[in-house]
$ cat data_18.cif   # mmCIF, C-alpha atoms and all ligand atoms
data_upload
loop_
_atom_site.label_atom_id
_atom_site.label_comp_id
_atom_site.auth_asym_id
_atom_site.auth_seq_id
_atom_site.Cartn_x
_atom_site.Cartn_y
_atom_site.Cartn_z
CA MET A 224 22.34 132.30 -15.07
CA GLU A 225 25.93 131.27 -15.51
CA LYS A 226 28.40 132.49 -12.87
CA VAL A 227 31.27 134.44 -14.41
CA ILE A 228 34.47 136.32 -13.60
CA LEU A 229 35.32 139.45 -15.58
CA VAL A 230 39.01 140.19 -16.12
CA LEU A 231 40.33 143.67 -16.94
CA ASN A 232 43.86 144.23 -18.19
CA ALA A 233 44.75 147.85 -18.78
CA GLY A 234 48.06 148.03 -20.69
CA SER A 235 49.82 151.14 -21.91
CA SER A 236 48.23 150.99 -25.36
CA SER A 237 45.26 148.73 -24.77
CA LEU A 238 42.36 147.76 -22.55
CA LYS A 239 41.93 143.99 -22.73
CA PHE A 240 39.07 142.08 -21.14
CA SER A 241 37.84 138.52 -20.87
CA LEU A 242 34.74 136.90 -19.44
CA PHE A 243 35.29 133.48 -17.90
CA ALA A 244 32.67 131.02 -16.65
CA ASP A 245 33.44 129.70 -13.18
CA ALA A 246 33.73 126.04 -14.24
CA PRO A 247 34.74 123.23 -11.84
CA ASP A 248 38.05 122.61 -13.65
CA GLY A 249 39.02 126.26 -13.71
CA PRO A 250 37.99 129.38 -15.60
CA GLU A 251 36.43 128.71 -19.02
CA LEU A 252 36.51 131.53 -21.54
CA ARG A 253 33.13 132.76 -22.84
CA PHE A 254 34.28 135.82 -24.77
CA LYS A 255 37.13 138.30 -24.87
CA GLY A 256 38.19 141.45 -26.59
CA GLN A 257 40.20 144.60 -26.44
CA VAL A 258 40.37 148.22 -27.30
CA GLU A 259 43.83 148.50 -28.84
CA GLY A 260 45.77 151.39 -30.33
CA LEU A 261 44.72 153.78 -27.54
CA TYR A 262 45.78 157.41 -28.04
CA GLY A 263 46.05 156.64 -31.78
CA ALA A 264 43.59 155.02 -34.20
CA ALA A 265 41.82 152.88 -31.59
CA HIS A 266 39.90 149.74 -32.43
CA PHE A 267 37.47 147.75 -30.27
CA VAL A 268 36.64 144.16 -31.04
CA ALA A 269 35.07 141.37 -28.97
CA VAL A 270 34.92 137.75 -30.08
CA ASP A 271 33.45 134.57 -28.64
CA THR A 272 35.26 131.23 -28.44
CA ALA A 273 34.08 130.28 -31.94
CA GLY A 274 35.75 133.41 -33.33
CA GLN A 275 32.37 135.09 -33.93
CA THR A 276 32.57 138.89 -33.66
CA LEU A 277 30.29 140.16 -30.89
CA GLY A 278 31.05 143.83 -31.26
CA GLU A 279 33.43 146.11 -33.15
CA ARG A 280 34.15 149.81 -33.43
CA HIS A 281 36.87 152.08 -34.82
CA TRP A 282 37.92 155.52 -33.63
CA SER A 283 39.94 157.97 -35.67
CA GLU A 284 43.36 159.18 -34.59
CA ASP A 285 41.81 162.60 -33.84
CA ASP A 286 39.53 161.02 -31.19
CA ARG A 287 42.62 160.34 -28.99
CA LEU A 288 40.67 157.60 -27.22
CA GLY A 289 42.19 156.94 -23.77
CA GLN A 290 41.70 154.33 -21.03
CA ASP A 291 38.77 156.15 -19.41
CA ARG A 292 36.60 156.38 -22.54
CA ALA A 293 37.64 152.87 -23.59
CA ALA A 294 36.36 151.61 -20.22
CA LEU A 295 33.04 153.43 -20.70
CA HIS A 296 32.62 151.82 -24.11
CA LEU A 297 33.36 148.43 -22.56
CA VAL A 298 30.75 148.93 -19.81
CA GLU A 299 28.19 149.79 -22.52
CA PHE A 300 29.13 146.63 -24.43
CA LEU A 301 28.97 144.39 -21.35
CA ARG A 302 25.56 145.76 -20.34
CA SER A 303 23.91 143.77 -23.14
CA PHE A 304 24.98 140.50 -21.46
CA ARG A 305 23.46 141.36 -18.07
CA ASP A 306 20.60 138.87 -18.31
CA ARG A 307 22.81 135.97 -19.30
CA TYR A 308 25.53 135.99 -16.67
CA GLN A 309 25.86 136.45 -12.93
CA LEU A 310 29.04 138.36 -12.13
CA LEU A 311 30.95 136.75 -9.20
CA ALA A 312 33.97 139.02 -9.17
CA ILE A 313 36.25 141.22 -11.24
CA GLY A 314 39.95 140.42 -11.50
CA HIS A 315 42.25 143.31 -12.38
CA ARG A 316 45.80 143.49 -13.58
CA VAL A 317 47.47 146.00 -11.26
CA VAL A 318 50.90 146.81 -12.56
CA HIS A 319 52.72 147.77 -9.35
CA GLY A 320 52.45 145.86 -6.06
CA GLY A 321 55.46 147.54 -4.43
CA PRO A 322 57.34 145.78 -1.63
CA GLU A 323 54.13 144.72 0.13
CA PHE A 324 52.19 142.66 -2.38
CA SER A 325 53.68 139.38 -3.54
CA GLN A 326 50.28 137.65 -3.87
CA PRO A 327 46.96 138.64 -5.44
CA ALA A 328 44.81 140.61 -3.00
CA LEU A 329 41.08 140.89 -2.41
CA ILE A 330 40.59 144.64 -2.54
CA ASP A 331 39.19 146.77 0.27
CA GLY A 332 39.45 150.47 1.00
CA ASP A 333 42.71 150.08 2.89
CA ILE A 334 44.44 148.10 0.14
CA LEU A 335 43.22 150.56 -2.47
CA ALA A 336 44.77 153.42 -0.48
CA ARG A 337 48.07 151.51 -0.23
CA LEU A 338 48.08 150.84 -3.97
CA GLU A 339 47.32 154.47 -4.65
CA LYS A 340 50.73 155.39 -3.21
CA LEU A 341 52.35 153.46 -6.07
CA VAL A 342 50.71 155.54 -8.84
CA PRO A 343 53.87 157.65 -9.39
CA LEU A 344 55.86 154.43 -9.92
CA ALA A 345 53.72 153.37 -12.90
CA PRO A 346 52.29 156.53 -14.43
CA LEU A 347 51.08 154.84 -17.63
CA HIS A 348 49.20 152.09 -15.78
CA GLN A 349 48.52 152.21 -12.06
CA GLY A 350 46.13 155.18 -12.10
CA HIS A 351 44.01 153.51 -14.81
CA ASN A 352 44.04 150.16 -13.00
CA LEU A 353 42.86 151.78 -9.77
CA ALA A 354 40.32 154.08 -11.44
CA ALA A 355 38.49 151.03 -12.80
CA ILE A 356 38.53 149.39 -9.35
CA ARG A 357 37.23 152.55 -7.70
CA ALA A 358 34.49 153.07 -10.27
CA VAL A 359 33.20 149.52 -9.71
CA ALA A 360 33.48 149.82 -5.90
CA GLU A 361 31.33 152.95 -5.98
CA ARG A 362 28.57 151.38 -8.06
CA ALA A 363 28.71 147.79 -6.71
CA PRO A 364 30.40 147.85 -3.28
CA GLN A 365 29.52 144.20 -2.55
CA LEU A 366 31.17 142.85 -5.71
CA PRO A 367 34.53 141.25 -4.87
CA GLN A 368 37.46 142.71 -6.80
CA VAL A 369 40.89 141.12 -6.88
CA ALA A 370 44.16 142.85 -7.72
CA CYS A 371 46.73 140.68 -9.52
CA PHE A 372 50.18 142.23 -9.63
CA ASP A 373 52.67 142.40 -12.47
CA THR A 374 55.47 142.56 -9.90
CA ALA A 375 54.48 139.51 -7.81
CA PHE A 376 56.14 136.82 -9.97
CA HIS A 377 59.53 138.54 -9.58
CA ARG A 378 59.54 138.99 -5.82
CA ARG A 379 61.38 135.71 -5.26
CA GLN A 380 64.31 136.72 -7.47
CA PRO A 381 67.77 136.35 -5.91
CA GLU A 382 68.60 139.35 -3.72
CA LEU A 383 71.36 140.65 -5.98
CA ALA A 384 68.98 140.76 -8.95
CA GLN A 385 66.68 143.05 -6.98
CA LEU A 386 69.31 145.43 -5.65
CA PHE A 387 70.43 148.84 -6.93
CA ALA A 388 73.92 149.91 -5.84
CA LEU A 389 72.47 152.65 -3.64
CA PRO A 390 72.92 153.30 0.09
CA ALA A 391 71.02 150.84 2.29
CA ALA A 392 68.77 153.58 3.65
CA ILE A 393 67.41 154.25 0.15
CA THR A 394 67.04 150.53 -0.62
CA GLY A 395 65.21 150.21 2.71
CA ARG A 396 62.56 152.59 1.41
CA GLY A 397 61.65 150.04 -1.26
CA VAL A 398 63.82 151.54 -4.00
CA ARG A 399 64.76 148.25 -5.65
CA ARG A 400 64.21 146.38 -8.88
CA TYR A 401 60.71 144.89 -9.06
CA GLY A 402 60.22 143.76 -12.65
CA PHE A 403 56.87 143.73 -14.48
CA HIS A 404 54.82 141.66 -16.97
CA GLY A 405 54.85 139.03 -14.20
CA LEU A 406 51.38 137.68 -15.03
CA SER A 407 52.53 137.06 -18.59
CA TYR A 408 55.75 135.36 -17.43
CA GLU A 409 53.86 133.26 -14.89
CA TYR A 410 51.53 132.07 -17.67
CA ILE A 411 54.48 131.20 -19.95
CA ALA A 412 56.25 129.35 -17.09
CA GLY A 413 53.03 127.37 -16.60
CA VAL A 414 52.66 126.25 -20.23
CA LEU A 415 56.36 125.63 -21.01
CA PRO A 416 56.22 122.01 -19.78
CA GLN A 417 53.57 121.25 -22.45
CA VAL A 418 54.81 123.45 -25.30
CA ALA A 419 58.57 123.11 -24.84
CA PRO A 420 59.18 120.27 -22.36
CA GLU A 421 62.93 120.17 -23.04
CA ALA A 422 63.23 123.83 -21.99
CA ALA A 423 60.87 124.03 -19.03
CA ASP A 424 63.40 122.96 -16.41
CA GLY A 425 66.21 124.89 -18.02
CA ARG A 426 67.54 128.42 -18.41
CA VAL A 427 65.03 130.42 -20.41
CA VAL A 428 64.81 134.06 -21.47
CA VAL A 429 61.23 135.14 -22.19
CA ALA A 430 60.83 138.24 -24.38
CA HIS A 431 57.52 139.96 -23.66
CA LEU A 432 57.50 142.42 -26.55
CA GLY A 433 54.37 144.55 -26.58
CA ASN A 434 53.88 148.28 -26.35
CA GLY A 435 55.61 147.80 -23.00
CA ALA A 436 58.52 145.40 -23.46
CA SER A 437 60.73 143.46 -21.10
CA LEU A 438 62.78 140.29 -20.83
CA CYS A 439 62.70 137.82 -17.96
CA ALA A 440 65.40 135.29 -17.13
CA MET A 441 63.87 132.12 -15.70
CA ALA A 442 65.50 129.06 -14.20
CA ALA A 443 63.12 126.08 -14.00
CA GLY A 444 60.16 128.45 -14.21
CA ARG A 445 61.35 130.83 -11.50
CA SER A 446 62.12 134.48 -12.23
CA MET A 447 65.85 135.14 -11.76
CA ALA A 448 66.16 138.63 -13.30
CA SER A 449 64.23 141.12 -15.40
CA THR A 450 65.15 144.06 -17.61
CA MET A 451 62.53 146.23 -15.89
CA GLY A 452 63.38 147.75 -12.53
CA PHE A 453 61.82 150.05 -9.94
CA THR A 454 59.42 151.18 -12.66
CA ALA A 455 58.33 149.91 -16.06
CA VAL A 456 60.42 152.55 -17.85
CA ASP A 457 63.69 150.62 -17.40
CA GLY A 458 65.28 148.08 -19.71
CA LEU A 459 64.34 147.83 -23.39
CA PRO A 460 63.21 150.77 -25.50
CA MET A 461 59.41 150.46 -25.85
CA GLY A 462 56.56 152.07 -27.80
CA THR A 463 56.99 155.42 -26.04
CA ARG A 464 59.37 154.63 -23.13
CA CYS A 465 63.13 155.07 -23.37
CA GLY A 466 64.29 152.04 -21.39
CA ASN A 467 67.82 152.03 -19.93
CA LEU A 468 69.12 155.55 -19.54
CA ASP A 469 72.28 156.85 -17.95
CA PRO A 470 70.95 158.62 -14.81
CA GLY A 471 73.35 161.42 -15.70
CA VAL A 472 71.03 162.28 -18.60
CA ILE A 473 68.27 163.13 -16.11
CA LEU A 474 70.60 165.51 -14.26
CA TYR A 475 71.61 167.11 -17.54
CA LEU A 476 67.95 167.65 -18.51
CA MET A 477 67.28 169.27 -15.14
CA ASP A 478 70.37 171.45 -15.03
CA GLU A 479 70.82 172.43 -18.66
CA LEU A 480 67.29 172.24 -20.10
CA LYS A 481 65.56 173.26 -16.84
CA MET A 482 63.11 170.40 -17.14
CA ASP A 483 61.16 169.55 -13.99
CA ALA A 484 60.06 166.08 -12.83
CA ARG A 485 56.77 166.15 -14.76
CA ALA A 486 58.44 167.23 -18.00
CA ILE A 487 61.04 164.48 -17.63
CA GLU A 488 58.30 161.98 -16.82
CA ARG A 489 56.49 162.94 -20.03
CA LEU A 490 59.71 162.65 -22.02
CA ILE A 491 60.80 159.22 -20.76
CA TYR A 492 57.34 157.59 -20.60
CA LYS A 493 55.40 159.13 -23.47
CA GLU A 494 57.73 160.73 -26.01
CA SER A 495 60.68 158.35 -26.27
CA GLY A 496 61.21 154.76 -27.42
CA LEU A 497 60.04 153.80 -30.92
CA LEU A 498 57.99 157.00 -31.17
CA GLY A 499 60.80 159.30 -30.04
CA VAL A 500 63.53 157.79 -32.21
CA SER A 501 61.38 157.47 -35.34
CA GLY A 502 59.34 160.63 -34.91
CA ILE A 503 56.65 158.59 -36.72
CA SER A 504 54.84 156.11 -34.49
CA SER A 505 54.99 153.95 -31.37
CA ASP A 506 53.25 151.17 -33.27
CA MET A 507 55.57 148.47 -34.58
CA ARG A 508 53.20 147.68 -37.46
CA GLU A 509 53.52 151.21 -38.80
CA LEU A 510 57.30 151.25 -38.43
CA LEU A 511 57.74 147.94 -40.22
CA ALA A 512 55.52 149.16 -43.07
CA SER A 513 57.40 152.47 -43.44
CA ASP A 514 60.38 153.04 -45.74
CA ASP A 515 61.46 156.12 -43.79
CA PRO A 516 65.06 155.64 -42.50
CA ARG A 517 63.99 156.98 -39.08
CA ALA A 518 61.55 154.08 -38.75
CA ALA A 519 64.37 151.68 -39.63
CA LEU A 520 66.60 153.34 -37.03
CA ALA A 521 63.99 152.92 -34.26
CA VAL A 522 63.39 149.26 -35.15
CA GLY A 523 67.15 148.69 -35.39
CA LEU A 524 67.68 150.13 -31.90
CA PHE A 525 64.84 148.00 -30.50
CA VAL A 526 66.42 144.81 -31.92
CA TYR A 527 69.95 145.82 -30.89
CA ARG A 528 68.93 146.50 -27.28
CA ILE A 529 67.05 143.20 -27.06
CA GLY A 530 70.18 141.40 -28.26
CA ARG A 531 72.37 143.06 -25.64
CA GLU A 532 69.93 142.32 -22.84
CA ILE A 533 69.59 138.68 -23.89
CA GLY A 534 73.37 138.43 -23.46
CA SER A 535 73.15 140.02 -20.04
CA LEU A 536 70.37 137.71 -18.86
CA ALA A 537 72.12 134.64 -20.29
CA ALA A 538 75.10 135.67 -18.13
CA ALA A 539 72.83 135.95 -15.08
CA LEU A 540 71.55 132.43 -15.79
CA GLY A 541 75.01 130.98 -16.50
CA GLY A 542 73.95 130.00 -20.02
CA LEU A 543 70.85 129.73 -22.14
CA ASP A 544 68.66 126.78 -23.16
CA ALA A 545 65.69 128.56 -24.75
CA LEU A 546 64.36 131.91 -25.91
CA VAL A 547 60.59 132.54 -25.93
CA PHE A 548 58.76 135.34 -27.76
CA THR A 549 55.38 136.61 -26.59
CA ALA A 550 52.98 139.63 -26.52
CA GLY A 551 51.89 141.88 -29.43
CA ILE A 552 55.23 142.19 -31.25
CA GLY A 553 56.66 138.86 -30.06
CA GLU A 554 53.59 136.96 -31.31
CA HIS A 555 52.86 138.86 -34.52
CA ALA A 556 56.09 140.29 -35.95
CA PRO A 557 58.14 137.48 -37.56
CA GLU A 558 60.66 140.01 -38.89
CA ILE A 559 61.56 141.15 -35.37
CA ARG A 560 61.80 137.55 -34.13
CA GLU A 561 64.10 136.70 -37.02
CA ARG A 562 66.43 139.62 -36.39
CA VAL A 563 66.60 138.90 -32.65
CA CYS A 564 67.27 135.20 -33.26
CA ARG A 565 69.96 135.89 -35.85
CA ASP A 566 71.70 138.25 -33.39
CA ALA A 567 71.60 135.42 -30.80
CA ALA A 568 73.41 132.95 -33.12
CA TRP A 569 76.57 133.41 -31.02
CA LEU A 570 74.71 131.81 -28.09
CA GLY A 571 74.03 128.69 -30.19
CA LEU A 572 70.60 129.57 -31.56
CA GLU A 573 70.00 128.12 -35.04
CA PHE A 574 67.05 129.93 -36.54
CA ASP A 575 64.41 128.14 -38.66
CA GLU A 576 63.09 130.61 -41.22
CA ALA A 577 60.15 128.51 -42.46
CA ALA A 578 58.95 127.69 -38.94
CA ASN A 579 59.17 131.37 -38.02
CA ALA A 580 57.11 132.39 -41.04
CA GLY A 581 54.52 129.81 -39.98
CA GLY A 582 54.34 131.27 -36.46
CA GLY A 583 56.03 128.41 -34.61
CA PRO A 584 55.66 127.35 -31.87
CA ARG A 585 59.26 126.17 -32.39
CA ILE A 586 61.26 128.58 -34.57
CA SER A 587 64.74 127.07 -34.13
CA THR A 588 66.05 124.03 -36.01
CA ALA A 589 65.54 120.60 -34.42
CA SER A 590 69.29 120.35 -33.70
CA SER A 591 69.72 123.91 -32.37
CA PRO A 592 71.57 123.88 -29.01
CA VAL A 593 69.41 126.82 -27.91
CA SER A 594 65.75 126.47 -28.87
CA ALA A 595 63.46 129.40 -29.75
CA TRP A 596 59.69 129.54 -29.42
CA VAL A 597 56.62 131.67 -30.03
CA ILE A 598 54.05 131.25 -27.26
CA PRO A 599 50.97 133.50 -27.10
CA THR A 600 50.62 134.92 -23.62
CA ASN A 601 47.38 134.87 -21.63
CA GLU A 602 47.56 137.35 -18.75
CA GLU A 603 43.76 137.28 -18.52
CA LEU A 604 43.58 133.54 -17.77
CA MET A 605 46.22 133.98 -15.07
CA ILE A 606 44.16 136.79 -13.53
CA ALA A 607 40.96 134.69 -13.66
CA ARG A 608 42.70 131.81 -11.88
CA HIS A 609 44.12 134.10 -9.20
CA THR A 610 40.74 135.77 -8.76
CA ARG A 611 39.01 132.42 -8.28
CA GLN A 612 41.65 131.41 -5.76
CA ALA A 613 41.35 134.68 -3.83
CA LEU A 614 37.57 134.20 -3.58
CA ALA A 615 37.88 130.72 -2.11
CA PRO A 616 41.40 129.94 -0.98
CA THR A 617 42.08 126.22 -0.76
N1 LIG B 1 50.92 142.09 -36.77
C1 LIG B 1 51.75 142.83 -36.03
N2 LIG B 1 52.99 143.12 -36.49
C2 LIG B 1 53.82 143.88 -35.78
N3 LIG B 1 53.54 144.39 -34.57
C3 LIG B 1 52.33 144.13 -34.07
C4 LIG B 1 51.36 143.33 -34.75
N4 LIG B 1 50.25 143.25 -33.99
C5 LIG B 1 50.49 143.97 -32.87
N5 LIG B 1 51.73 144.50 -32.92
C6 LIG B 1 52.37 145.40 -31.97
O1 LIG B 1 52.19 144.98 -30.64
C7 LIG B 1 52.20 146.14 -29.78
C8 LIG B 1 51.06 146.02 -28.78
O2 LIG B 1 51.29 144.88 -28.00
P1 LIG B 1 50.41 144.49 -26.73
O3 LIG B 1 51.11 143.37 -26.05
O4 LIG B 1 49.01 144.25 -27.16
O5 LIG B 1 50.50 145.87 -25.94
P2 LIG B 1 50.16 146.39 -24.48
O6 LIG B 1 51.49 146.77 -23.97
O7 LIG B 1 49.22 147.53 -24.65
O8 LIG B 1 49.57 145.23 -23.70
C9 LIG B 1 52.10 147.36 -30.69
O9 LIG B 1 53.39 147.93 -30.84
C10 LIG B 1 51.69 146.76 -32.02
O10 LIG B 1 52.18 147.50 -33.07
C1 LIG B 2 54.22 146.87 -17.41
C2 LIG B 2 53.93 147.23 -18.81
O1 LIG B 2 54.72 147.85 -19.46
O2 LIG B 2 52.75 146.78 -19.32
P1 LIG B 2 52.21 146.94 -20.82
O3 LIG B 2 53.21 146.26 -21.68
O4 LIG B 2 50.88 146.19 -20.83
O5 LIG B 2 52.07 148.38 -21.09
MG MG B 3 50.40 144.29 -22.12
#

$ encode --input "data_18.cif" --output "structure tokens"
Amino acid sequence: MEKVILVLNAGSSSLKFSLFADAPDGPELRFKGQVEGLYGAAHFVAVDTAGQTLGERHWSEDDRLGQDRAALHLVEFLRSFRDRYQLLAIGHRVVHGGPEFSQPALIDGDILARLEKLVPLAPLHQGHNLAAIRAVAERAPQLPQVACFDTAFHRRQPELAQLFALPAAITGRGVRRYGFHGLSYEYIAGVLPQVAPEAADGRVVVAHLGNGASLCAMAAGRSMASTMGFTAVDGLPMGTRCGNLDPGVILYLMDELKMDARAIERLIYKESGLLGVSGISSDMRELLASDDPRAALAVGLFVYRIGREIGSLAAALGGLDALVFTAGIGEHAPEIRERVCRDAAWLGLEFDEAANAGGGPRISTASSPVSAWVIPTNEELMIARHTRQALAPT
């Protein structure tokens, strides 16, 4: 039987998974898939490396399929491969590693308890990430499980980029900017030398635009700043998260609307962003297909905020050499890429319309002082590599 590593990546609107063979030159994909569109019209599909569909299922919007039932469906699907593969370990994306975890960690009861404390800091993710780990630990306690953190890549940011202007005693409690989508940014930093060699050693802003969305400023592949902060609700407006918000708004909601912490949490994590502004959907595909002016307003705000944050991160880097688009929207929505690139013309980005329509990878003109790229992310491969490494550190 072939030895394999299973990777689980629970996002805010999806459960992604990949099965990698433990090959001598690194993890080799056998098949992958996802349940996407969670809490809406969910869709499961799994494909092998030849693009052959191994399984598919649709749920209606009324099913309100969440992470827990998506995971059960996945277990059912994976069961049919039991005789073919020997499972060595499971690698998990764990969104928050807090101040303690700057490396992937082989999970035991103690680490699980420490990660549990971070659940309130990532209410759309952490609980689901840990529930999957716990469920496996109960059924197969000997199976190694490795937590790979979305925050880890950012922990070496300059001190000022991590600091809130709060009293030192609060900062000392770990209330600082962490940044997320680190596995995605780490993957992009790793492939930049091949895809965009002229940019790899330079000042790059990577736009991870999915249901959760953030930007990362990188200098020579190192994270220098991120739009996300203490939690993954900061920065850009997202599918259902508000992004940057004047903290005075929170006080107003408490004092004037008598909202408590849970009601505010629901508002800023689940009812805002593209969904809140449009009143229609959190799904960019639906908004782009709609001719409702509220959909246009939500998309317009998304693009506008990205443009402002690119300016801010370019300032943090002292200039900009390249802009990279990745994740669901970044990889699949040429219209959004075009609007963001056109707004960044002032930085010296000359947009190439034909290349963008073709999906890139380069979507700026050959002579553009700032280059722009589309690079599909691969958080799962990053997790598989880290998991392998954690099993047998070299
Ligand atoms: N063809 C497409 N055009 C526009 N948006 C798309 C397309 N495909 C996926 N998306 C958007 O990508 C987002 C999901 O991105 P993804 O990175 O998979 O999310 P998650 O945050 O759950 O990991 C959704 O908003 C979806 O609408
Ligand atoms: C951190 C985060 O927002 O992740 P995702 O985009 O997968 O929801
Ligand atoms: Mg994601």

$ closest_residue --input "data_18.cif" --among "A:Leu406, A:Met224, A:Leu438, A:Ala312" --to "Glu603 in chain A" --atoms "all atoms listed in the file"
A:Leu406

$ residues_near_ligand --input "data_18.cif" --ligand "ligand LIG 1 (chain B)" --cutoff "6 Å" --atoms "all atoms listed in the file" --output "PDB file with C-alpha atoms, in the frame of the given file"
ATOM      1  CA  GLY A 234      48.060 148.030 -20.690  1.00  0.00           C
ATOM      2  CA  SER A 235      49.820 151.140 -21.910  1.00  0.00           C
ATOM      3  CA  SER A 236      48.230 150.990 -25.360  1.00  0.00           C
ATOM      4  CA  SER A 237      45.260 148.730 -24.770  1.00  0.00           C
ATOM      5  CA  GLY A 433      54.370 144.550 -26.580  1.00  0.00           C
ATOM      6  CA  ASN A 434      53.880 148.280 -26.350  1.00  0.00           C
ATOM      7  CA  GLY A 435      55.610 147.800 -23.000  1.00  0.00           C
ATOM      8  CA  ASP A 506      53.250 151.170 -33.270  1.00  0.00           C
ATOM      9  CA  MET A 507      55.570 148.470 -34.580  1.00  0.00           C
ATOM     10  CA  ARG A 508      53.200 147.680 -37.460  1.00  0.00           C
ATOM     11  CA  ALA A 550      52.980 139.630 -26.520  1.00  0.00           C
ATOM     12  CA  GLY A 551      51.890 141.880 -29.430  1.00  0.00           C
ATOM     13  CA  ILE A 552      55.230 142.190 -31.250  1.00  0.00           C
ATOM     14  CA  HIS A 555      52.860 138.860 -34.520  1.00  0.00           C
ATOM     15  CA  ALA A 556      56.090 140.290 -35.950  1.00  0.00           C
TER      16      ALA A 556
END

$ closest_atom_pairs --input "data_18.cif" --of "chain A" --to "ligand LIG 2 (chain B)" --cutoff "10 Å" --atoms "all atoms listed in the file" --output "JSON lines"
{"residue": "A:Asn232", "atom": "CA", "partner": "B:LIG2", "partner_atom": "O4", "distance": 7.8}
{"residue": "A:Ala233", "atom": "CA", "partner": "B:LIG2", "partner_atom": "O4", "distance": 6.7}
{"residue": "A:Gly234", "atom": "CA", "partner": "B:LIG2", "partner_atom": "O4", "distance": 3.4}
{"residue": "A:Ser235", "atom": "CA", "partner": "B:LIG2", "partner_atom": "O5", "distance": 3.7}
{"residue": "A:Ser236", "atom": "CA", "partner": "B:LIG2", "partner_atom": "O5", "distance": 6.3}
{"residue": "A:Ser237", "atom": "CA", "partner": "B:LIG2", "partner_atom": "O4", "distance": 7.3}
{"residue": "A:Leu238", "atom": "CA", "partner": "B:LIG2", "partner_atom": "O4", "distance": 8.8}
{"residue": "A:Lys239", "atom": "CA", "partner": "B:LIG2", "partner_atom": "O4", "distance": 9.4}
{"residue": "A:Arg316", "atom": "CA", "partner": "B:LIG2", "partner_atom": "O4", "distance": 9.3}
{"residue": "A:Val317", "atom": "CA", "partner": "B:LIG2", "partner_atom": "C1", "distance": 9.2}
{"residue": "A:Val318", "atom": "CA", "partner": "B:LIG2", "partner_atom": "C1", "distance": 5.9}
{"residue": "A:His319", "atom": "CA", "partner": "B:LIG2", "partner_atom": "C1", "distance": 8.2}
{"residue": "A:Ala345", "atom": "CA", "partner": "B:LIG2", "partner_atom": "C1", "distance": 7.9}
{"residue": "A:Leu347", "atom": "CA", "partner": "B:LIG2", "partner_atom": "O5", "distance": 7.4}
{"residue": "A:His348", "atom": "CA", "partner": "B:LIG2", "partner_atom": "O5", "distance": 7.1}
{"residue": "A:Gln349", "atom": "CA", "partner": "B:LIG2", "partner_atom": "C1", "distance": 9.5}
{"residue": "A:Phe372", "atom": "CA", "partner": "B:LIG2", "partner_atom": "C1", "distance": 9.9}
{"residue": "A:Asp373", "atom": "CA", "partner": "B:LIG2", "partner_atom": "C1", "distance": 6.8}
{"residue": "A:Thr374", "atom": "CA", "partner": "B:LIG2", "partner_atom": "C1", "distance": 8.7}
{"residue": "A:Gly402", "atom": "CA", "partner": "B:LIG2", "partner_atom": "C1", "distance": 8.3}
{"residue": "A:Phe403", "atom": "CA", "partner": "B:LIG2", "partner_atom": "C1", "distance": 5.0}
{"residue": "A:His404", "atom": "CA", "partner": "B:LIG2", "partner_atom": "C1", "distance": 5.3}
{"residue": "A:Gly405", "atom": "CA", "partner": "B:LIG2", "partner_atom": "C1", "distance": 8.5}
{"residue": "A:Leu406", "atom": "CA", "partner": "B:LIG2", "partner_atom": "C1", "distance": 9.9}
{"residue": "A:Ser407", "atom": "CA", "partner": "B:LIG2", "partner_atom": "O4", "distance": 9.5}
{"residue": "A:His431", "atom": "CA", "partner": "B:LIG2", "partner_atom": "O3", "distance": 7.9}
{"residue": "A:Leu432", "atom": "CA", "partner": "B:LIG2", "partner_atom": "O3", "distance": 7.5}
{"residue": "A:Gly433", "atom": "CA", "partner": "B:LIG2", "partner_atom": "O3", "distance": 5.3}
{"residue": "A:Asn434", "atom": "CA", "partner": "B:LIG2", "partner_atom": "O3", "distance": 5.1}
{"residue": "A:Gly435", "atom": "CA", "partner": "B:LIG2", "partner_atom": "O3", "distance": 3.1}
{"residue": "A:Ala436", "atom": "CA", "partner": "B:LIG2", "partner_atom": "O3", "distance": 5.7}
{"residue": "A:Ser437", "atom": "CA", "partner": "B:LIG2", "partner_atom": "O1", "distance": 7.6}
{"residue": "A:Met451", "atom": "CA", "partner": "B:LIG2", "partner_atom": "C1", "distance": 8.5}
{"residue": "A:Thr454", "atom": "CA", "partner": "B:LIG2", "partner_atom": "C1", "distance": 8.3}
{"residue": "A:Ala455", "atom": "CA", "partner": "B:LIG2", "partner_atom": "C1", "distance": 5.3}
{"residue": "A:Val456", "atom": "CA", "partner": "B:LIG2", "partner_atom": "O1", "distance": 7.6}
{"residue": "A:Asp457", "atom": "CA", "partner": "B:LIG2", "partner_atom": "O1", "distance": 9.6}
{"residue": "A:Met461", "atom": "CA", "partner": "B:LIG2", "partner_atom": "O1", "distance": 8.3}
{"residue": "A:Gly462", "atom": "CA", "partner": "B:LIG2", "partner_atom": "O5", "distance": 8.9}
{"residue": "A:Thr463", "atom": "CA", "partner": "B:LIG2", "partner_atom": "O5", "distance": 9.9}
{"residue": "A:Arg464", "atom": "CA", "partner": "B:LIG2", "partner_atom": "O1", "distance": 9.0}
{"residue": "A:Ala550", "atom": "CA", "partner": "B:LIG2", "partner_atom": "O3", "distance": 8.2}
{"residue": "A:Gly551", "atom": "CA", "partner": "B:LIG2", "partner_atom": "O3", "distance": 9.0}
{"residue": "A:Glu602", "atom": "CA", "partner": "B:LIG2", "partner_atom": "O4", "distance": 9.7}

$ closest_residue --input "data_18.cif" --among "A:Arg560, A:Pro599, A:Glu488, A:Ala384" --to "ligand MG 3 (chain B)" --atoms "all atoms listed in the file"
A:Pro599
